[in-house]
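With mmCIF, C-alpha atoms inside, this is input.cif:
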data_final
#
loop_
_atom_site.label_atom_id
_atom_site.label_comp_id
_atom_site.auth_asym_id
_atom_site.auth_seq_id
_atom_site.Cartn_x
_atom_site.Cartn_y
_atom_site.Cartn_z
CA MET J 359 0.00 0.00 0.00
CA ILE J 360 1.32 3.43 -0.97
CA GLU J 361 0.98 6.01 1.82
CA VAL J 362 0.02 9.48 0.59
CA ALA J 363 -0.41 12.76 2.51
CA ALA J 364 -2.79 15.43 1.20
CA GLY J 365 -3.09 18.97 2.53
CA VAL J 366 -6.24 21.06 2.87
CA LEU J 367 -5.15 24.72 2.67
CA THR J 368 -7.88 27.28 3.30
CA ASP J 369 -7.59 31.00 2.47
CA THR J 370 -9.23 33.94 4.26
CA ARG J 371 -12.34 33.57 2.08
CA GLY J 372 -12.83 29.94 3.09
CA ARG J 373 -11.68 28.55 -0.25
CA VAL J 374 -9.45 25.48 -0.50
CA LEU J 375 -6.49 25.02 -2.83
CA LEU J 376 -6.63 22.41 -5.60
CA MET J 377 -3.85 21.33 -7.93
CA GLN J 378 -4.20 19.72 -11.38
CA ARG J 379 -2.26 16.56 -12.18
CA LEU J 380 0.21 16.99 -15.02
CA PRO J 381 0.03 15.19 -18.40
CA GLY J 382 1.72 11.81 -18.40
CA LYS J 383 1.02 11.19 -14.72
CA HIS J 384 -1.45 8.73 -13.16
CA LEU J 385 -4.94 10.29 -13.38
CA ALA J 386 -3.59 13.19 -15.48
CA GLY J 387 -5.85 16.24 -15.78
CA LEU J 388 -7.82 15.63 -12.58
CA TRP J 389 -7.81 18.13 -9.72
CA GLU J 390 -6.61 17.08 -6.28
CA PHE J 391 -5.44 18.35 -2.92
CA PRO J 392 -1.68 19.07 -2.94
CA GLY J 393 0.62 16.52 -1.35
CA GLY J 394 2.41 13.31 -2.22
CA LYS J 395 3.90 9.98 -1.15
CA LEU J 396 5.54 9.34 2.18
CA GLU J 397 9.19 8.42 1.98
CA ALA J 398 10.68 5.63 4.08
CA GLY J 399 10.64 6.55 7.77
CA GLU J 400 8.67 9.78 7.29
CA SER J 401 5.74 10.79 9.44
CA ILE J 402 2.59 11.98 7.70
CA GLU J 403 3.15 15.55 8.88
CA HIS J 404 6.79 15.64 7.80
CA ALA J 405 5.94 14.21 4.38
CA LEU J 406 3.18 16.76 3.84
CA ALA J 407 5.38 19.68 4.89
CA ARG J 408 8.08 18.48 2.47
CA GLU J 409 5.64 18.00 -0.41
CA LEU J 410 4.09 21.44 0.10
CA ARG J 411 7.54 22.98 0.15
CA GLU J 412 8.50 21.20 -3.09
CA GLU J 413 5.22 21.77 -4.93
CA LEU J 414 4.05 25.15 -3.61
CA GLY J 415 7.15 26.81 -2.16
CA ILE J 416 5.60 27.30 1.28
CA GLU J 417 6.61 26.36 4.82
CA ALA J 418 3.47 24.79 6.29
CA HIS J 419 2.77 24.31 10.00
CA GLY J 420 -0.05 23.18 12.27
CA PHE J 421 -1.51 19.95 10.87
CA ALA J 422 -4.80 18.41 12.05
CA PRO J 423 -6.21 15.10 10.74
CA LEU J 424 -9.35 15.30 8.60
CA ILE J 425 -9.79 11.75 7.27
CA SER J 426 -7.62 8.72 6.47
CA LEU J 427 -8.86 6.08 4.05
CA PRO J 428 -7.69 3.19 1.88
CA TRP J 429 -8.41 3.23 -1.86
CA ARG J 430 -7.87 0.52 -4.45
CA TYR J 431 -7.24 1.63 -8.02
CA PRO J 432 -6.88 -1.07 -10.70
CA GLU J 433 -3.14 -0.45 -10.89
CA LYS J 434 -2.32 0.29 -7.22
CA THR J 435 -3.62 0.64 -3.67
CA VAL J 436 -3.13 3.80 -1.63
CA ARG J 437 -3.87 5.06 1.85
CA LEU J 438 -4.69 8.72 1.68
CA HIS J 439 -4.17 10.83 4.80
CA ALA J 440 -5.89 14.22 4.49
CA LEU J 441 -4.85 16.91 6.96
CA HIS J 442 -5.98 20.47 7.57
CA VAL J 443 -3.08 22.92 7.30
CA ALA J 444 -3.43 25.63 9.94
CA GLY J 445 -0.96 28.06 8.40
CA TRP J 446 2.06 28.59 6.21
CA ARG J 447 4.78 31.07 5.33
CA GLY J 448 5.06 32.21 1.73
CA GLU J 449 2.61 32.48 -1.15
CA PRO J 450 1.55 29.16 -2.72
CA HIS J 451 2.74 28.96 -6.32
CA ALA J 452 3.25 26.12 -8.78
CA ARG J 453 6.94 25.26 -8.56
CA GLU J 454 6.52 22.17 -10.76
CA GLY J 455 4.10 23.63 -13.31
CA HIS J 456 0.85 22.29 -11.85
CA PRO J 457 -2.17 24.56 -12.54
CA LEU J 458 -3.64 25.80 -9.24
CA ARG J 459 -7.02 27.15 -8.25
CA TRP J 460 -8.81 28.22 -5.07
CA MET J 461 -12.40 26.97 -4.79
CA ALA J 462 -15.26 27.16 -2.30
CA VAL J 463 -15.89 23.67 -0.93
CA GLU J 464 -19.52 23.80 -2.08
CA GLN J 465 -18.41 24.46 -5.66
CA ILE J 466 -15.95 21.59 -5.95
CA ASP J 467 -17.10 18.95 -8.44
CA PRO J 468 -15.91 15.54 -7.17
CA ALA J 469 -16.30 14.18 -10.72
CA GLU J 470 -13.22 16.24 -11.67
CA MET J 471 -11.11 14.64 -8.93
CA PRO J 472 -9.51 11.23 -8.34
CA ALA J 473 -11.97 8.81 -6.76
CA ALA J 474 -9.96 8.70 -3.53
CA ASP J 475 -10.38 12.47 -3.07
CA LYS J 476 -14.18 12.37 -3.14
CA PRO J 477 -14.54 11.26 0.52
CA ILE J 478 -12.23 14.14 1.48
CA VAL J 479 -14.64 16.60 -0.14
CA ALA J 480 -17.52 14.97 1.74
CA ALA J 481 -15.58 15.20 5.02
CA LEU J 482 -14.98 18.92 4.39
CA ARG J 483 -18.67 19.54 3.77
CA LEU J 484 -20.07 17.43 6.60
CA PRO J 485 -20.57 18.99 10.07
CA LEU J 486 -19.28 17.40 13.27
CA HIS J 487 -22.74 16.68 14.75
CA TYR J 488 -25.54 14.51 13.36
CA VAL J 489 -28.81 14.84 15.29
CA ILE J 490 -31.51 12.17 14.97
CA THR J 491 -35.10 12.68 16.08
CA ALA J 492 -36.31 10.61 19.00
CA ASN J 493 -39.01 7.97 18.82
CA GLU J 494 -42.57 9.26 18.43
CA SER J 495 -43.30 8.19 22.01
CA HIS J 496 -40.87 10.86 23.31
CA PRO J 497 -42.12 14.11 21.71
CA ASP J 498 -40.45 16.32 24.32
CA ARG J 499 -36.99 15.16 23.23
CA ASN J 500 -37.67 16.45 19.72
CA LYS J 501 -39.29 19.74 20.67
CA ALA J 502 -36.19 21.91 21.14
CA PHE J 503 -34.34 21.22 17.93
CA LEU J 504 -37.48 20.94 15.80
CA GLN J 505 -38.52 24.39 16.96
CA ALA J 506 -35.10 25.90 16.20
CA PRO J 507 -32.97 23.44 14.23
CA GLY J 508 -29.37 24.46 13.75
CA ARG J 509 -27.52 24.46 10.46
CA SER J 510 -24.26 23.49 12.11
CA SER J 511 -25.53 19.91 12.35
CA LEU J 512 -27.12 17.36 10.09
CA LEU J 513 -30.69 16.54 11.11
CA GLN J 514 -32.37 13.21 10.40
CA LEU J 515 -36.16 12.90 10.63
CA ARG J 516 -36.60 9.35 11.90
CA TRP J 517 -40.17 8.39 12.70
CA PRO J 518 -40.63 4.81 11.42
CA HIS J 519 -44.22 4.55 12.60
CA ARG J 520 -45.52 7.79 11.10
CA ASP J 521 -47.02 7.83 7.66
CA ARG J 522 -45.39 9.71 4.80
CA ALA J 523 -47.86 12.60 4.93
CA ASP J 524 -46.92 13.43 8.55
CA VAL J 525 -43.19 13.30 7.84
CA ARG J 526 -43.66 15.40 4.70
CA ALA J 527 -45.62 18.04 6.64
CA CYS J 528 -42.99 18.25 9.38
CA ALA J 529 -40.15 18.46 6.85
CA ASN J 530 -41.89 21.20 4.86
CA ASP J 531 -42.54 23.17 8.04
CA LEU J 532 -38.88 22.93 9.02
CA LEU J 533 -37.72 23.97 5.57
CA GLU J 534 -40.06 26.97 5.51
CA ARG J 535 -38.96 28.18 8.96
CA THR J 536 -35.24 27.60 8.52
CA PRO J 537 -33.71 28.93 5.30
CA GLY J 538 -30.74 26.87 4.21
CA LEU J 539 -31.78 23.76 6.15
CA LYS J 540 -32.40 21.77 2.97
CA SER J 541 -28.70 21.00 2.61
CA HIS J 542 -28.60 19.61 6.18
CA LEU J 543 -31.85 17.62 6.34
CA LEU J 544 -32.21 13.87 5.78
CA ILE J 545 -35.26 11.61 5.76
CA ASN J 546 -34.92 8.17 7.28
CA ALA J 547 -35.25 5.34 4.71
CA ASP J 548 -37.88 6.95 2.46
CA ILE J 549 -36.00 7.51 -0.78
CA GLU J 550 -39.05 8.66 -2.72
CA LEU J 551 -39.92 11.33 -0.15
CA ALA J 552 -36.31 12.51 -0.11
CA ARG J 553 -36.43 12.85 -3.91
CA GLU J 554 -39.69 14.77 -3.70
CA LEU J 555 -38.38 17.20 -1.07
CA GLU J 556 -34.90 17.37 -2.63
CA VAL J 557 -33.25 16.56 0.70
CA GLY J 558 -30.99 13.73 1.82
CA VAL J 559 -31.85 10.18 2.83
CA HIS J 560 -30.43 7.98 5.55
CA LEU J 561 -30.57 4.34 4.51
CA ARG J 562 -31.27 1.45 6.84
CA ALA J 563 -28.73 -1.38 6.85
CA ALA J 564 -31.19 -3.69 5.08
CA GLN J 565 -31.52 -1.22 2.19
CA LEU J 566 -27.80 -1.44 1.47
CA HIS J 567 -28.29 -4.98 0.18
CA GLU J 568 -31.25 -4.00 -1.98
CA LEU J 569 -29.58 -1.10 -3.80
CA ARG J 570 -27.09 -1.40 -6.63
CA GLU J 571 -26.25 2.29 -6.95
CA ARG J 572 -26.58 5.64 -5.25
CA PRO J 573 -30.31 6.47 -4.94
CA LEU J 574 -30.04 10.29 -5.02
CA PRO J 575 -28.12 12.93 -7.01
CA ALA J 576 -24.76 14.12 -5.75
CA THR J 577 -26.41 17.33 -4.49
CA GLN J 578 -28.39 15.40 -1.83
CA TRP J 579 -26.79 13.59 1.09
CA VAL J 580 -26.91 9.80 1.26
CA GLY J 581 -26.10 8.35 4.67
CA ALA J 582 -26.24 4.73 5.81
CA SER J 583 -26.67 2.85 9.08
CA CYS J 584 -23.83 0.38 9.53
CA HIS J 585 -22.80 -2.04 12.25
CA ASP J 586 -19.87 -4.01 10.80
CA ALA J 587 -17.21 -4.04 8.09
CA ASP J 588 -19.46 -5.62 5.45
CA GLU J 589 -22.12 -2.94 5.80
CA LEU J 590 -19.51 -0.16 5.70
CA GLU J 591 -18.08 -1.59 2.48
CA ARG J 592 -21.55 -1.91 0.97
CA ALA J 593 -22.32 1.72 1.85
CA ALA J 594 -19.15 2.84 0.09
CA ALA J 595 -19.84 0.58 -2.90
CA ILE J 596 -23.25 2.14 -3.62
CA GLY J 597 -21.83 5.66 -3.35
CA ALA J 598 -23.08 6.76 0.07
CA ASP J 599 -21.52 10.00 1.31
CA PHE J 600 -21.13 8.85 4.92
CA ALA J 601 -22.19 6.22 7.42
CA THR J 602 -23.07 5.91 11.08
CA LEU J 603 -21.37 3.04 12.90
CA SER J 604 -23.08 1.69 16.00
CA PRO J 605 -23.39 0.91 18.80
CA VAL J 606 -20.16 2.26 20.21
CA ARG J 607 -21.53 1.94 23.74
CA ALA J 608 -24.49 0.12 25.29
CA THR J 609 -27.83 1.85 24.75
CA ALA J 610 -31.25 1.51 26.35
CA SER J 611 -32.92 1.48 22.92
CA HIS J 612 -30.94 -1.61 21.80
CA PRO J 613 -30.12 -3.51 25.04
CA ASN J 614 -29.24 -6.76 23.22
CA ALA J 615 -26.77 -5.17 20.80
CA ARG J 616 -23.13 -5.84 21.65
CA PRO J 617 -21.20 -2.54 21.91
CA LEU J 618 -18.22 -2.13 19.60
CA GLY J 619 -16.13 -0.11 22.02
CA TRP J 620 -13.75 2.60 20.85
CA GLU J 621 -10.92 0.24 19.88
CA ARG J 622 -13.06 -1.83 17.50
CA PHE J 623 -14.75 1.31 16.21
CA ALA J 624 -11.34 2.78 15.31
CA GLN J 625 -10.29 -0.45 13.58
CA LEU J 626 -13.40 -0.48 11.40
CA VAL J 627 -13.12 3.20 10.52
CA HIS J 628 -9.46 2.73 9.58
CA GLU J 629 -10.46 0.29 6.82
CA THR J 630 -13.44 2.32 5.58
CA ARG J 631 -13.41 4.57 2.52
CA LEU J 632 -16.03 7.11 3.58
CA PRO J 633 -16.62 9.45 6.55
CA VAL J 634 -18.15 7.75 9.61
CA TYR J 635 -20.11 9.15 12.56
CA ALA J 636 -19.92 7.43 15.96
CA LEU J 637 -23.40 6.44 17.19
CA GLY J 638 -24.83 4.55 20.14
CA GLY J 639 -24.54 5.89 23.68
CA ILE J 640 -22.74 8.91 22.20
CA GLY J 641 -23.25 12.63 22.76
CA PRO J 642 -21.61 15.99 22.01
CA ASP J 643 -19.14 15.51 24.89
CA ASP J 644 -17.67 12.51 23.05
CA LEU J 645 -16.58 14.49 20.00
CA GLU J 646 -12.89 14.66 20.87
CA ARG J 647 -12.75 10.92 21.64
CA ALA J 648 -14.59 10.10 18.42
CA ARG J 649 -12.28 12.25 16.32
CA ALA J 650 -9.26 10.56 17.88
CA ALA J 651 -10.75 7.24 16.74
CA GLY J 652 -11.01 8.51 13.16
CA ALA J 653 -14.66 9.55 13.16
CA GLN J 654 -16.10 12.42 11.15
CA GLY J 655 -18.07 13.37 14.26
CA VAL J 656 -20.76 12.16 16.63
CA ALA J 657 -24.40 11.24 16.08
CA GLY J 658 -27.12 10.71 18.62
CA ILE J 659 -30.67 11.10 19.86
CA SER J 660 -31.13 11.47 23.63
CA ALA J 661 -27.81 13.14 24.43
CA PHE J 662 -28.34 15.77 21.72
CA ALA J 663 -31.95 16.47 22.72
CA SER J 664 -30.84 17.25 26.25
CA ALA J 665 -27.66 19.11 25.29
#
Represent the structure from my file as structure tokens, please.
Amino acid sequence: MIEVAAGVLTDTRGRVLLMQRLPGKHLAGLWEFPGGKLEAGESIEHALARELREELGIEAHGFAPLISLPWRYPEKTVRLHALHVAGWRGEPHAREGHPLRWMAVEQIDPAEMPAADKPIVAALRLPLHYVITANESHPDRNKAFLQAPGRSSLLQLRWPHRDRADVRACANDLLERTPGLKSHLLINADIELARELEVGVHLRAAQLHELRERPLPATQWVGASCHDADELERAAAIGADFATLSPVRATASHPNARPLGWERFAQLVHETRLPVYALGGIGPDDLERARAAGAQGVAGISAFASA
């Protein structure tokens, strides 16, 4: 496996720097995050600093992990480590002739990038918190964030026992009251309703085995509920943007489910090629622990409703 470090440089306008691969190279013409291969004995941070110096003529400092994932191309297998770059000295310029461009994350077209870079774009766009509505029998838990949902989190409407008309009415009410929420809202399992409302869908684990391709356009989120390595791989194979992996800890809602624990959670995430939220007995206070285990962020019901 070839180890590769990629840097996410962000300017004062919130744009990220992309670099185009030169003719004659693997995946020539595609746009990617600057970086390159680790040399023998190099740390990820040292390799990235060296590559940014060689390619862009800058002295970078302050690296923070974003996502690490394996990717298998027909001709080779890579592990791509994407890191945020906190700062740098010098003005980035193409020392090796690569075309450069700064782009807003929302305007990046993953179709113009190597396949392994697409999960990095998703990780940049996804928030750290994923809030899921409580069961219909606990309306008070839903009241606070349904009255004033935030756009700094994803929100999943999960009411398996309500009919489609009720879920549609609630979703429309939320969208009318909260401008911009459409890009953060997901409907649980109901692909047709998600298409109608032009919002995201969160797939149940059973649906992963029924689908052969991504069920929504790239402009709408597709999440998936996963509990093991096979389900995570299936979610990636159908083109899901992210997954939840559960249960990390024991939960009252699923007392018979065996908790993964943080060690097993980290092992599964390490071999997964899409962003993953930690779920199951998890709340906002667990964000730092989840990120250390490789998670995109944390997802939950009860702990978020009471936060």
Sel. within 12 Å of pt (-12.7, -0.3, 9.9), counting all atoms listed in the file, output as a PyMOL selection string: chain J and resi 426-428+584-591+601+603+618+620-634+651-653
Selection result for the PyMOL selection byres ((chain J and resi 373) around 6) on this file, as a VMD selection string: chain J and resid 368 to 369 371 to 372 374 460 to 462
The PyMOL selection byres ((chain J and resi 608) around 12) resolved against shown file, as a PyMOL selection string: chain J and resi 604-607+609-620+637-640
C-alpha atoms of the current selection, written as a PDB file, in the coordinates of the input:
ATOM      1  CA  SER J 604     -23.080   1.690  16.000  1.00  0.00           C
ATOM      2  CA  PRO J 605     -23.390   0.910  18.800  1.00  0.00           C
ATOM      3  CA  VAL J 606     -20.160   2.260  20.210  1.00  0.00           C
ATOM      4  CA  ARG J 607     -21.530   1.940  23.740  1.00  0.00           C
ATOM      5  CA  THR J 609     -27.830   1.850  24.750  1.00  0.00           C
ATOM      6  CA  ALA J 610     -31.250   1.510  26.350  1.00  0.00           C
ATOM      7  CA  SER J 611     -32.920   1.480  22.920  1.00  0.00           C
ATOM      8  CA  HIS J 612     -30.940  -1.610  21.800  1.00  0.00           C
ATOM      9  CA  PRO J 613     -30.120  -3.510  25.040  1.00  0.00           C
ATOM     10  CA  ASN J 614     -29.240  -6.760  23.220  1.00  0.00           C
ATOM     11  CA  ALA J 615     -26.770  -5.170  20.800  1.00  0.00           C
ATOM     12  CA  ARG J 616     -23.130  -5.840  21.650  1.00  0.00           C
ATOM     13  CA  PRO J 617     -21.200  -2.540  21.910  1.00  0.00           C
ATOM     14  CA  LEU J 618     -18.220  -2.130  19.600  1.00  0.00           C
ATOM     15  CA  GLY J 619     -16.130  -0.110  22.020  1.00  0.00           C
ATOM     16  CA  TRP J 620     -13.750   2.600  20.850  1.00  0.00           C
ATOM     17  CA  LEU J 637     -23.400   6.440  17.190  1.00  0.00           C
ATOM     18  CA  GLY J 638     -24.830   4.550  20.140  1.00  0.00           C
ATOM     19  CA  GLY J 639     -24.540   5.890  23.680  1.00  0.00           C
ATOM     20  CA  ILE J 640     -22.740   8.910  22.200  1.00  0.00           C
TER      21      ILE J 640
END
Selection dump of the PyMOL selection byres ((chain J and resi 409) around 9), as a PyMOL selection string: chain J and resi 363-364+392-395+404-408+410-414
Selection near J:Gly415, 8 Å with all atoms listed in the file, sequence-local residues under 6 positions removed, as a ChimeraX atom specification: /J:448-453
Pick from J:Ala547, J:Leu385, J:Leu645, J:Val557 nearest to J:Glu433, counting all atoms listed in the file: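 Answer, going by the shortest atom-to-atom distance: J:Leu385.
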Selection as a PyMOL selection string: residues within 7 Å of (-36.8, 4.5, -5.2), counting all atoms listed in the file: chain J and resi 549-550+573
Nearest-residue call for J:Pro642, choices J:Leu512, J:Ala473, J:Val525, J:Val489, using all atoms listed in the file: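 Checking each of J:Leu512, J:Ala473, J:Val525, J:Val489 against J:Pro642, counting all atoms listed in the file, the winner is J:Val489.
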Within 12 Å of J:Asp521 using all atoms listed in the file, minus same-chain residues under 5 positions, as a list of chain:residue names: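 Listed by chain and then number, they are J:Glu494, J:Arg516, J:Arg526, J:Ala527, J:Cys528, J:Asp548, J:Leu551.
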All residues 7 Å or closer to J:Ile659, only C-alpha atoms, same chain fewer than 5 positions away omitted, as a list in words: Val489, Ile490, Thr491 and Ala492 of chain J
For C-alpha atoms, I'd like the residues from the last selection saved as a CSV table (one decimal), keeping the file's coordinate frame.
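Result saved to selection.csv:
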chain,number,residue,atom,x,y,z
J,489,VAL,CA,-28.8,14.8,15.3
J,490,ILE,CA,-31.5,12.2,15.0
J,491,THR,CA,-35.1,12.7,16.1
J,492,ALA,CA,-36.3,10.6,19.0
Distance in Å - atom CA of J:His542 versus atom CA of J:Gly581: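 These two atoms are separated by 11.6 Å.
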Length of the atom CA of J:Ile596 to atom CA of J:Glu556 vector [Å]: 19.2 Å
Using the partial input, fill out stretch 359-369 of chain J with all heavy atoms; write the result as a compact mmCIF listing (two decimals), in the frame of the given file.
# COMPACT_ATOMS: atom_id res chain seq x y z
N MET J 359 0.84 -1.19 0.00
CA MET J 359 0.00 0.00 0.00
C MET J 359 0.88 1.25 0.00
O MET J 359 1.81 1.35 0.79
CB MET J 359 -0.93 0.02 1.21
CG MET J 359 -1.85 1.23 1.25
SD MET J 359 -3.02 1.19 2.63
CE MET J 359 -4.14 -0.09 2.07
N ILE J 360 0.58 2.18 -0.88
CA ILE J 360 1.32 3.43 -0.97
C ILE J 360 0.68 4.45 -0.04
O ILE J 360 -0.52 4.71 -0.12
CB ILE J 360 1.31 3.96 -2.42
CG1 ILE J 360 1.93 2.94 -3.37
CG2 ILE J 360 2.04 5.30 -2.51
CD1 ILE J 360 1.75 3.27 -4.83
N GLU J 361 1.47 5.01 0.88
CA GLU J 361 0.98 6.01 1.82
C GLU J 361 1.14 7.39 1.21
O GLU J 361 2.22 7.76 0.74
CB GLU J 361 1.77 5.93 3.13
CG GLU J 361 1.74 4.57 3.81
CD GLU J 361 0.49 4.35 4.63
OE1 GLU J 361 -0.18 5.35 4.98
OE2 GLU J 361 0.18 3.18 4.93
N VAL J 362 0.04 8.17 1.22
CA VAL J 362 0.02 9.48 0.59
C VAL J 362 -0.55 10.50 1.57
O VAL J 362 -1.56 10.24 2.24
CB VAL J 362 -0.83 9.48 -0.70
CG1 VAL J 362 -0.89 10.88 -1.31
CG2 VAL J 362 -0.27 8.48 -1.71
N ALA J 363 0.08 11.66 1.67
CA ALA J 363 -0.41 12.76 2.51
C ALA J 363 -0.97 13.85 1.61
O ALA J 363 -0.37 14.21 0.59
CB ALA J 363 0.71 13.33 3.36
N ALA J 364 -2.14 14.37 1.96
CA ALA J 364 -2.79 15.43 1.20
C ALA J 364 -3.13 16.58 2.14
O ALA J 364 -3.62 16.36 3.25
CB ALA J 364 -4.05 14.92 0.52
N GLY J 365 -2.87 17.80 1.69
CA GLY J 365 -3.09 18.97 2.53
C GLY J 365 -4.30 19.78 2.12
O GLY J 365 -4.51 20.03 0.93
N VAL J 366 -5.09 20.18 3.10
CA VAL J 366 -6.24 21.06 2.87
C VAL J 366 -5.84 22.45 3.34
O VAL J 366 -5.80 22.72 4.54
CB VAL J 366 -7.49 20.57 3.61
CG1 VAL J 366 -8.66 21.52 3.36
CG2 VAL J 366 -7.86 19.15 3.16
N LEU J 367 -5.52 23.33 2.38
CA LEU J 367 -5.15 24.72 2.67
C LEU J 367 -6.37 25.60 2.43
O LEU J 367 -6.99 25.52 1.36
CB LEU J 367 -4.00 25.17 1.77
CG LEU J 367 -2.59 24.68 2.11
CD1 LEU J 367 -2.43 23.21 1.77
CD2 LEU J 367 -1.55 25.50 1.36
N THR J 368 -6.70 26.43 3.38
CA THR J 368 -7.88 27.28 3.30
C THR J 368 -7.46 28.74 3.40
O THR J 368 -6.72 29.12 4.31
CB THR J 368 -8.88 26.96 4.43
OG1 THR J 368 -9.16 25.56 4.43
CG2 THR J 368 -10.17 27.74 4.25
N ASP J 369 -7.95 29.58 2.45
CA ASP J 369 -7.59 31.00 2.47
C ASP J 369 -8.58 31.79 3.33
O ASP J 369 -9.50 31.22 3.94
CB ASP J 369 -7.50 31.56 1.05
CG ASP J 369 -8.84 31.66 0.33
OD1 ASP J 369 -9.90 31.37 0.95
OD2 ASP J 369 -8.86 32.01 -0.86
